[in-house]
Structure formats: structure tokens, C-alpha cells
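Novice: What follows is a structure written as C-alpha cells; I'll ask about it next.
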Amino acid sequence: MPLVEIRDLVRQYHKGGETITPLGGVSLDIQAGDFVSLMGASGSGKSTLLNLLAGIDSPDEGTIHVAGVEITSLSRSRLARWRAEHIGYIFQDHNLVPVLTAWENVELPLLLVKMSRTERQRRVDIAMQAVDLADRAGHFPRQLSGGQEQRVGIARAIVAHPTLVVADEPTGDLDAETSEQILGLLGRLNRELDITMLMVTHDDHAAATAGRQLTLVGGKLIESGRETVAAVDAVAAVAGMGETSASRDPS
């Protein structure tokens with residue numbers, strides 16, 4: 001049984017007299033331990049799908065089951081409790097609290113669940129070690145590099161032992177060298193700790209580091225392969241973007 005089961009998911013937004021449908025009947029299975037990347041043009045619905053899966057937003061139609069729980073049927077209060085216990089979120093801009101140390105930032109999710117102080121300390125220490133930042137635990141965000149801040153964000157995402165980690169452009173604000181380090185860390189955590197991950201990215205190279213690659217095109221999900229390139233090129237041509245896979249810089 002898949003860890004994540006998404007069925008016929010529809011999300012629409014209304015702007016003036018126009019109806020925008022970033023997700024038009026999306027279905028997806030994610031197995032426990034998978035590392036999945038999700039690509040798509042700007043406005044294609046990548047972050048929308050991520051937020052629906054994380055329980056931050058609600059669909060207009062369709063269902064989402066995570067570890068056997070239909071989160072689309074939960075009340076707002078039950079969904080908030082479920083999210084605190086089961087979802088780890090990695091933000092593009094780190095989203096750290098500037099007046100808290102790295103250690104205290106990582107501890108934050110554990111304050112939302114019932115847990116002894118001793119267990120919180122143990123989990124935070126382990127998470128800081130997992131991202132190789134145990135020696136920076138007492139530093140404030142302003143004293144850390146961008147890559148170190150993102151490592152703190154990753155430690156915060158995994159500290160509660162979540163069912164699923166979702167990452168929204170985790171390397172979007174980083175330079176090439178630091179991006180490689182963060183992608184390597186995500187891959188290692190997936191392999192060694194068997195953490196299930198869904199990563200949204202606009203970067204072909206970042207997407208290729210995941211074990212499974214998906215692309216959102218016209219509100220539909222397409223698995224990686226030649227059909228993905230053809231579909232993306234078709235959408236680009238219709239939209240008049242003037243850029244296809246053949247014209248992109250291969251680097």
C-alpha cells in the first residue's frame with residue numbers, strides 16, 4: 001500500500017471573471033522511502049500540490065491519504081495536529097526565527113507535540129548531528145552562512161520523525177556549490193534514514209538527484225522520460241515562450 005495516495009485532485013482559483021486550474025484531476029502514489037522531485041513551469045501548480053499534501057491548503061475535489069489517513073476529511077484542528085506530527089517542511093528561504101539559536105529553531109516543531117524535555121533534547125541533538133551542525137547549535141541565524149541556515153531548516157524538518165518531508169525549492173537561494181551540498185545531504189538522509197521526500201524544484205539538475213522525477217504540465221502529472229520533454233515543449237510552444245528542450249543551455 002502506498003504511503004501517499006492522491007486521487008483526482010482538483011484545485012481552482014478565481015481571479016476576477018477568470019477561473020485558474022493549476023491542478024486538474026491529479027493522481028499520484030508515493031511509496032515509503034521514495035525521494036520524488038516535482039518540476040513545472042512557473043504557475044504550474046507545484047507549490048499548490050505541495051501545500052495540499054502538507055495539509056496547508058484544501059482541494060476543491062479529490063482525496064489525499066497519507067499513511068492510511070484521509071487528510072482531506074479532517075477538521076481544521078485535527079489537520080493542524082496531524083500536520084505537526086507527520087509533516088516536515090523545508091522552505092526555500094530557510095524561515096528561521098532570528099532571535100532563536102540554531103538549536104532552538106530545530107526544537108520548535110517538538111514544542112507542538114507531547115514530549116518530555118529530555119526526549120526533545122535528544123532528538124534535537126541527533127538532528128543537528130545528522131546535518132553536521134552540532135558545533136553551530138548555539139549560533140543565531142545571522143551568524144550562519146546560507147547553506148548552514150538551510151541545514152538548520154532541514155534538521156527542523158526531520159526532528160519530529162515525520163511521515164513525509166516536503167521541500168519547496170530548497171536550493172533556490174543558494175549558490176551552485178552550496179546547492180550540491182544540500183542536495184547531497186537530502187539524498188543521504190533519504191537513503192540512510194529512509195525518509196520519504198517530495199521536492200519541488202525548477203532546476204533540472206536538482207530534480208535528477210531524486211529517485212523519481214515528475215513534471216506538472218497543464219494541470220496533469222507526467223513521469224520523467226521522453227514524453228515529459230515532448231509535453232513541456234508543446235506547452236511552451238502554445239504559450240509562446242519560445243524555449244524548448246532543444247534550445248535550452250545543456251549546462
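Letters for chains follow the order of the C-alpha cells (A, B, ...), residue numbers begin at 1 for each chain, and ligand numbers begin at 1 in the order shown.
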Sort by chain and increasing residue number a table of all residues of segment 121-172 of chain A within 6 Å of segment 91-113 of chain A, each with its closest pair of atoms and their distance in Å to one decimal, counting only C-alpha atoms, and write it as CSV.

Specialist:
```
residue,atom,partner,partner_atom,distance
A:Val124,CA,A:Glu107,CA,5.9
A:Ala137,CA,A:Trp103,CA,4.7
A:Gly138,CA,A:Thr101,CA,5.4
A:His139,CA,A:Thr101,CA,5.3
A:Phe140,CA,A:Thr101,CA,4.4
A:Pro141,CA,A:Pro98,CA,5.7
A:Gln150,CA,A:His94,CA,5.4
A:Gly153,CA,A:His94,CA,5.5
A:Arg156,CA,A:Val106,CA,4.1
A:Asp168,CA,A:Phe91,CA,5.4
A:Glu169,CA,A:Gln92,CA,5.1
A:Pro170,CA,A:Gln92,CA,4.6
A:Gly172,CA,A:Gln92,CA,6.0
```

Novice: Within 12 Å of Ile126 of chain A, counting only C-alpha atoms, which residues qualify if same-chain residues fewer than 3 places away don't, as an MDAnalysis selection string?

Specialist: chainID A and resid 103 106:107 119:123 129:134 137 155:156 158:161 193

Novice: Pick from A:Val10, A:Arg212, A:Gly33, A:Gln143: nearest to Arg188 of chain A, with only C-alpha atoms counted?

Specialist: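 Distance minimum relative to Arg188 of chain A lands on A:Gly33.
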
Novice: Neighbouring residues of Thr171 of chain A were defined as those with any atom within 8 Å, considering only C-alpha atoms; residues of the same chain fewer than 2 positions away were excluded. Please report them as an MDAnalysis selection string.

Specialist: chainID A and resid 92 169 173:175 179 182:183

Novice: Please write the residues from the selection above to a file, keeping N, CA and C atoms, as a tab-separated table (two decimals), in the first residue's frame.

Specialist:
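Contents of part_8.tsv, as written:
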```
chain	number	residue	atom	x	y	z
A	92	GLN	N	12.30	27.45	1.00
A	92	GLN	CA	13.36	28.00	0.14
A	92	GLN	C	14.19	29.04	0.90
A	169	GLU	N	11.61	24.24	-3.26
A	169	GLU	CA	12.80	24.90	-3.83
A	169	GLU	C	13.91	25.03	-2.78
A	173	ASP	N	17.78	29.58	-3.28
A	173	ASP	CA	18.50	30.79	-2.87
A	173	ASP	C	19.99	30.55	-2.63
A	174	LEU	N	20.50	29.39	-3.09
A	174	LEU	CA	21.88	29.02	-2.79
A	174	LEU	C	22.74	29.03	-4.03
A	175	ASP	N	24.05	29.23	-3.85
A	175	ASP	CA	24.97	29.16	-4.98
A	175	ASP	C	25.17	27.70	-5.38
A	179	SER	N	24.40	24.42	-3.18
A	179	SER	CA	23.26	23.62	-3.64
A	179	SER	C	23.63	22.15	-3.74
A	182	ILE	N	23.66	20.65	-0.27
A	182	ILE	CA	22.31	20.45	0.27
A	182	ILE	C	21.63	19.27	-0.41
A	183	LEU	N	21.77	19.16	-1.72
A	183	LEU	CA	21.17	18.03	-2.44
A	183	LEU	C	21.80	16.72	-1.99
```

Novice: With only C-alpha atoms as the basis for distance, which of A:Leu38, A:Leu74, A:Ile64, A:Met128 is at the shortest distance from Ala208 of chain A?

Specialist: A:Leu38

Novice: Can you list, as a ChimeraX atom specification, every residue of segment 6-78 of chain A that DSSP puts in helix (DSSP H, G or I)?

Specialist: /A:46-53,71-73,76-78

Novice: Please produce an output containing N, CA and C atoms for each residue in the selection, written as a PDB file, in the first residue's frame.

Specialist:
```pdb
ATOM      1  N   LYS A  46       3.005  23.498  -8.804  1.00  0.00           N
ATOM      2  CA  LYS A  46       3.934  22.695  -7.999  1.00  0.00           C
ATOM      3  C   LYS A  46       3.755  22.957  -6.506  1.00  0.00           C
ATOM      4  N   SER A  47       3.832  24.219  -6.133  1.00  0.00           N
ATOM      5  CA  SER A  47       3.699  24.562  -4.718  1.00  0.00           C
ATOM      6  C   SER A  47       2.285  24.315  -4.216  1.00  0.00           C
ATOM      7  N   THR A  48       1.302  24.466  -5.096  1.00  0.00           N
ATOM      8  CA  THR A  48      -0.079  24.168  -4.724  1.00  0.00           C
ATOM      9  C   THR A  48      -0.209  22.707  -4.304  1.00  0.00           C
ATOM     10  N   LEU A  49       0.354  21.805  -5.101  1.00  0.00           N
ATOM     11  CA  LEU A  49       0.303  20.380  -4.776  1.00  0.00           C
ATOM     12  C   LEU A  49       1.055  20.099  -3.484  1.00  0.00           C
ATOM     13  N   LEU A  50       2.190  20.745  -3.308  1.00  0.00           N
ATOM     14  CA  LEU A  50       2.986  20.551  -2.096  1.00  0.00           C
ATOM     15  C   LEU A  50       2.186  20.975  -0.853  1.00  0.00           C
ATOM     16  N   ASN A  51       1.531  22.125  -0.949  1.00  0.00           N
ATOM     17  CA  ASN A  51       0.771  22.635   0.193  1.00  0.00           C
ATOM     18  C   ASN A  51      -0.469  21.792   0.484  1.00  0.00           C
ATOM     19  N   LEU A  52      -1.073  21.236  -0.551  1.00  0.00           N
ATOM     20  CA  LEU A  52      -2.203  20.330  -0.338  1.00  0.00           C
ATOM     21  C   LEU A  52      -1.750  19.069   0.385  1.00  0.00           C
ATOM     22  N   LEU A  53      -0.616  18.542  -0.040  1.00  0.00           N
ATOM     23  CA  LEU A  53      -0.092  17.321   0.563  1.00  0.00           C
ATOM     24  C   LEU A  53       0.351  17.553   2.005  1.00  0.00           C
ATOM     25  N   ILE A  71      -6.536  12.876   4.853  1.00  0.00           N
ATOM     26  CA  ILE A  71      -6.366  14.200   5.456  1.00  0.00           C
ATOM     27  C   ILE A  71      -7.357  15.211   4.901  1.00  0.00           C
ATOM     28  N   THR A  72      -7.911  14.950   3.725  1.00  0.00           N
ATOM     29  CA  THR A  72      -8.875  15.872   3.132  1.00  0.00           C
ATOM     30  C   THR A  72     -10.216  15.852   3.866  1.00  0.00           C
ATOM     31  N   SER A  73     -10.424  14.908   4.771  1.00  0.00           N
ATOM     32  CA  SER A  73     -11.674  14.846   5.524  1.00  0.00           C
ATOM     33  C   SER A  73     -11.511  15.314   6.965  1.00  0.00           C
ATOM     34  N   ARG A  76     -10.240  21.334  10.729  1.00  0.00           N
ATOM     35  CA  ARG A  76      -9.075  22.219  10.756  1.00  0.00           C
ATOM     36  C   ARG A  76      -8.178  21.934  11.960  1.00  0.00           C
ATOM     37  N   SER A  77      -8.782  21.722  13.127  1.00  0.00           N
ATOM     38  CA  SER A  77      -7.977  21.483  14.333  1.00  0.00           C
ATOM     39  C   SER A  77      -7.276  20.131  14.274  1.00  0.00           C
ATOM     40  N   ARG A  78      -7.975  19.106  13.792  1.00  0.00           N
ATOM     41  CA  ARG A  78      -7.356  17.782  13.678  1.00  0.00           C
ATOM     42  C   ARG A  78      -6.259  17.794  12.614  1.00  0.00           C
TER      43      ARG A  78
END
```

Novice: To one decimal place in Å, what is the distance between atom CA of Arg151 of chain A and atom CA of Ser44 of chain A?

Specialist: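 Computing it gives 27.7 Å between the two atoms.
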
Novice: Let me make sure I understand: among A:Val26, A:Ala41, A:Ala206, A:Val36, which one has the smallest atom-to-atom distance to Asp8 of chain A if we use only C-alpha atoms?

Specialist: A:Val26

Novice: Using only C-alpha atoms, find the one residue out of A:Gly16, A:Asp125, A:Asn190, A:Leu221 that sits nearest to Asp29 of chain A.

Specialist: A:Leu221

Novice: Could you please determine the separation between atom CA of Gly219 of chain A and atom CA of Thr163 of chain A in Å, to one decimal place?

Specialist: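 Going from atom CA of Gly219 of chain A over to atom CA of Thr163 of chain A, I get 26.0 Å.
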
Novice: What does the distance from atom CA of Ser27 of chain A to atom CA of Gly88 of chain A come to in Å, to one decimal?

Specialist: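 Straight-line distance from atom CA of Ser27 of chain A to atom CA of Gly88 of chain A works out to 21.8 Å.
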
Novice: Pick out the residues sitting within 7 Å of Pro2 of chain A, and hand them over as an mmCIF file with C-alpha atoms, in the first residue's frame; count only C-alpha atoms, and ignore anything fewer than 6 positions along from it in its own chain.

Specialist:
```cif
data_model
loop_
_atom_site.group_PDB
_atom_site.id
_atom_site.type_symbol
_atom_site.label_atom_id
_atom_site.label_comp_id
_atom_site.auth_asym_id
_atom_site.auth_seq_id
_atom_site.Cartn_x
_atom_site.Cartn_y
_atom_site.Cartn_z
ATOM 1 C CA ASP A 29 1.174 7.294 -5.420
ATOM 2 C CA ILE A 30 4.338 7.719 -3.351
ATOM 3 C CA GLN A 31 5.897 4.706 -1.672
ATOM 4 C CA ALA A 32 7.531 4.833 1.760
#
```

Novice: From the options A:Asp135, A:Glu223, A:Glu180, A:Glu61, which residue's atoms come nearest to Thr21 of chain A, counting only C-alpha atoms?

Specialist: A:Glu61

Novice: Restricting the calculation to only C-alpha atoms, which member of A:Ile222, A:Ile195, A:Val165, A:Val66 is positioned closest to Tyr89 of chain A?

Specialist: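 Using only C-alpha atoms, Tyr89 of chain A sits closest to A:Val165.
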
Novice: Contacts of Gln213 of chain A at 12 Å or less, counting only C-alpha atoms, minus same-chain residues fewer than 3 places along, as a PyMOL selection string?

Specialist: chain A and resi 30+34-40+197-210+216+221-225+228

Novice: May I have the residues from that selection written out with N, CA and C atoms, as a short mmCIF file (atom, residue, chain, number, x, y, z; two decimals), in the first residue's frame?

Specialist:
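Contents of part22.cif, freshly written:
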```cif
data_model
loop_
_atom_site.label_atom_id
_atom_site.label_comp_id
_atom_site.auth_asym_id
_atom_site.auth_seq_id
_atom_site.Cartn_x
_atom_site.Cartn_y
_atom_site.Cartn_z
N ILE A 30 2.96 7.62 -3.81
CA ILE A 30 4.34 7.72 -3.35
C ILE A 30 4.56 6.61 -2.33
N ASP A 34 10.52 6.76 -0.76
CA ASP A 34 10.75 7.39 -2.06
C ASP A 34 11.34 8.78 -1.88
N PHE A 35 12.15 9.20 -2.86
CA PHE A 35 12.60 10.58 -2.99
C PHE A 35 12.11 11.05 -4.35
N VAL A 36 11.09 11.91 -4.35
CA VAL A 36 10.41 12.33 -5.57
C VAL A 36 10.66 13.81 -5.82
N SER A 37 11.02 14.17 -7.05
CA SER A 37 11.14 15.58 -7.41
C SER A 37 9.97 15.96 -8.31
N LEU A 38 9.57 17.22 -8.20
CA LEU A 38 8.43 17.73 -8.97
C LEU A 38 8.85 19.03 -9.64
N MET A 39 8.77 19.03 -10.98
CA MET A 39 9.11 20.21 -11.76
C MET A 39 7.88 20.73 -12.49
N GLY A 40 8.03 21.91 -13.11
CA GLY A 40 6.96 22.51 -13.87
C GLY A 40 7.23 23.99 -14.05
N MET A 197 10.48 11.78 0.78
CA MET A 197 10.58 13.20 0.44
C MET A 197 9.90 13.52 -0.88
N LEU A 198 9.26 14.69 -0.91
CA LEU A 198 8.77 15.28 -2.16
C LEU A 198 9.38 16.66 -2.27
N MET A 199 10.18 16.88 -3.32
CA MET A 199 10.90 18.14 -3.50
C MET A 199 10.43 18.86 -4.75
N VAL A 200 9.97 20.10 -4.60
CA VAL A 200 9.64 20.95 -5.73
C VAL A 200 10.89 21.71 -6.13
N THR A 201 11.18 21.75 -7.42
CA THR A 201 12.35 22.48 -7.91
C THR A 201 12.13 22.92 -9.35
N HIS A 202 12.82 23.98 -9.74
CA HIS A 202 12.80 24.43 -11.14
C HIS A 202 14.10 24.02 -11.84
N ASP A 203 14.98 23.36 -11.10
CA ASP A 203 16.33 23.04 -11.58
C ASP A 203 16.39 21.58 -12.05
N ASP A 204 16.70 21.39 -13.35
CA ASP A 204 16.80 20.03 -13.90
C ASP A 204 17.80 19.18 -13.14
N HIS A 205 18.94 19.77 -12.80
CA HIS A 205 19.99 19.01 -12.10
C HIS A 205 19.51 18.57 -10.71
N ALA A 206 18.87 19.49 -9.99
CA ALA A 206 18.36 19.14 -8.66
C ALA A 206 17.32 18.03 -8.78
N ALA A 207 16.43 18.14 -9.76
CA ALA A 207 15.39 17.12 -9.94
C ALA A 207 15.99 15.75 -10.20
N ALA A 208 17.10 15.72 -10.94
CA ALA A 208 17.71 14.44 -11.32
C ALA A 208 18.34 13.72 -10.15
N THR A 209 18.56 14.43 -9.02
CA THR A 209 19.14 13.76 -7.85
C THR A 209 18.12 12.89 -7.13
N ALA A 210 16.84 13.10 -7.42
CA ALA A 210 15.79 12.28 -6.79
C ALA A 210 15.66 10.96 -7.53
N LEU A 216 4.71 18.73 -13.75
CA LEU A 216 3.34 19.20 -13.87
C LEU A 216 3.19 19.98 -15.16
N LEU A 221 0.09 15.44 -14.08
CA LEU A 221 1.41 14.93 -13.75
C LEU A 221 1.92 14.00 -14.83
N ILE A 222 3.20 14.17 -15.19
CA ILE A 222 3.83 13.32 -16.19
C ILE A 222 5.12 12.78 -15.59
N GLU A 223 5.33 11.46 -15.73
CA GLU A 223 6.56 10.83 -15.26
C GLU A 223 7.71 11.24 -16.17
N SER A 224 8.94 11.24 -15.65
CA SER A 224 10.10 11.65 -16.44
C SER A 224 10.32 10.72 -17.61
N GLY A 225 10.93 11.27 -18.66
CA GLY A 225 11.19 10.49 -19.86
C GLY A 225 10.95 11.34 -21.10
N THR A 228 7.86 13.48 -21.23
CA THR A 228 7.89 14.71 -20.45
C THR A 228 8.44 15.85 -21.28
#
```
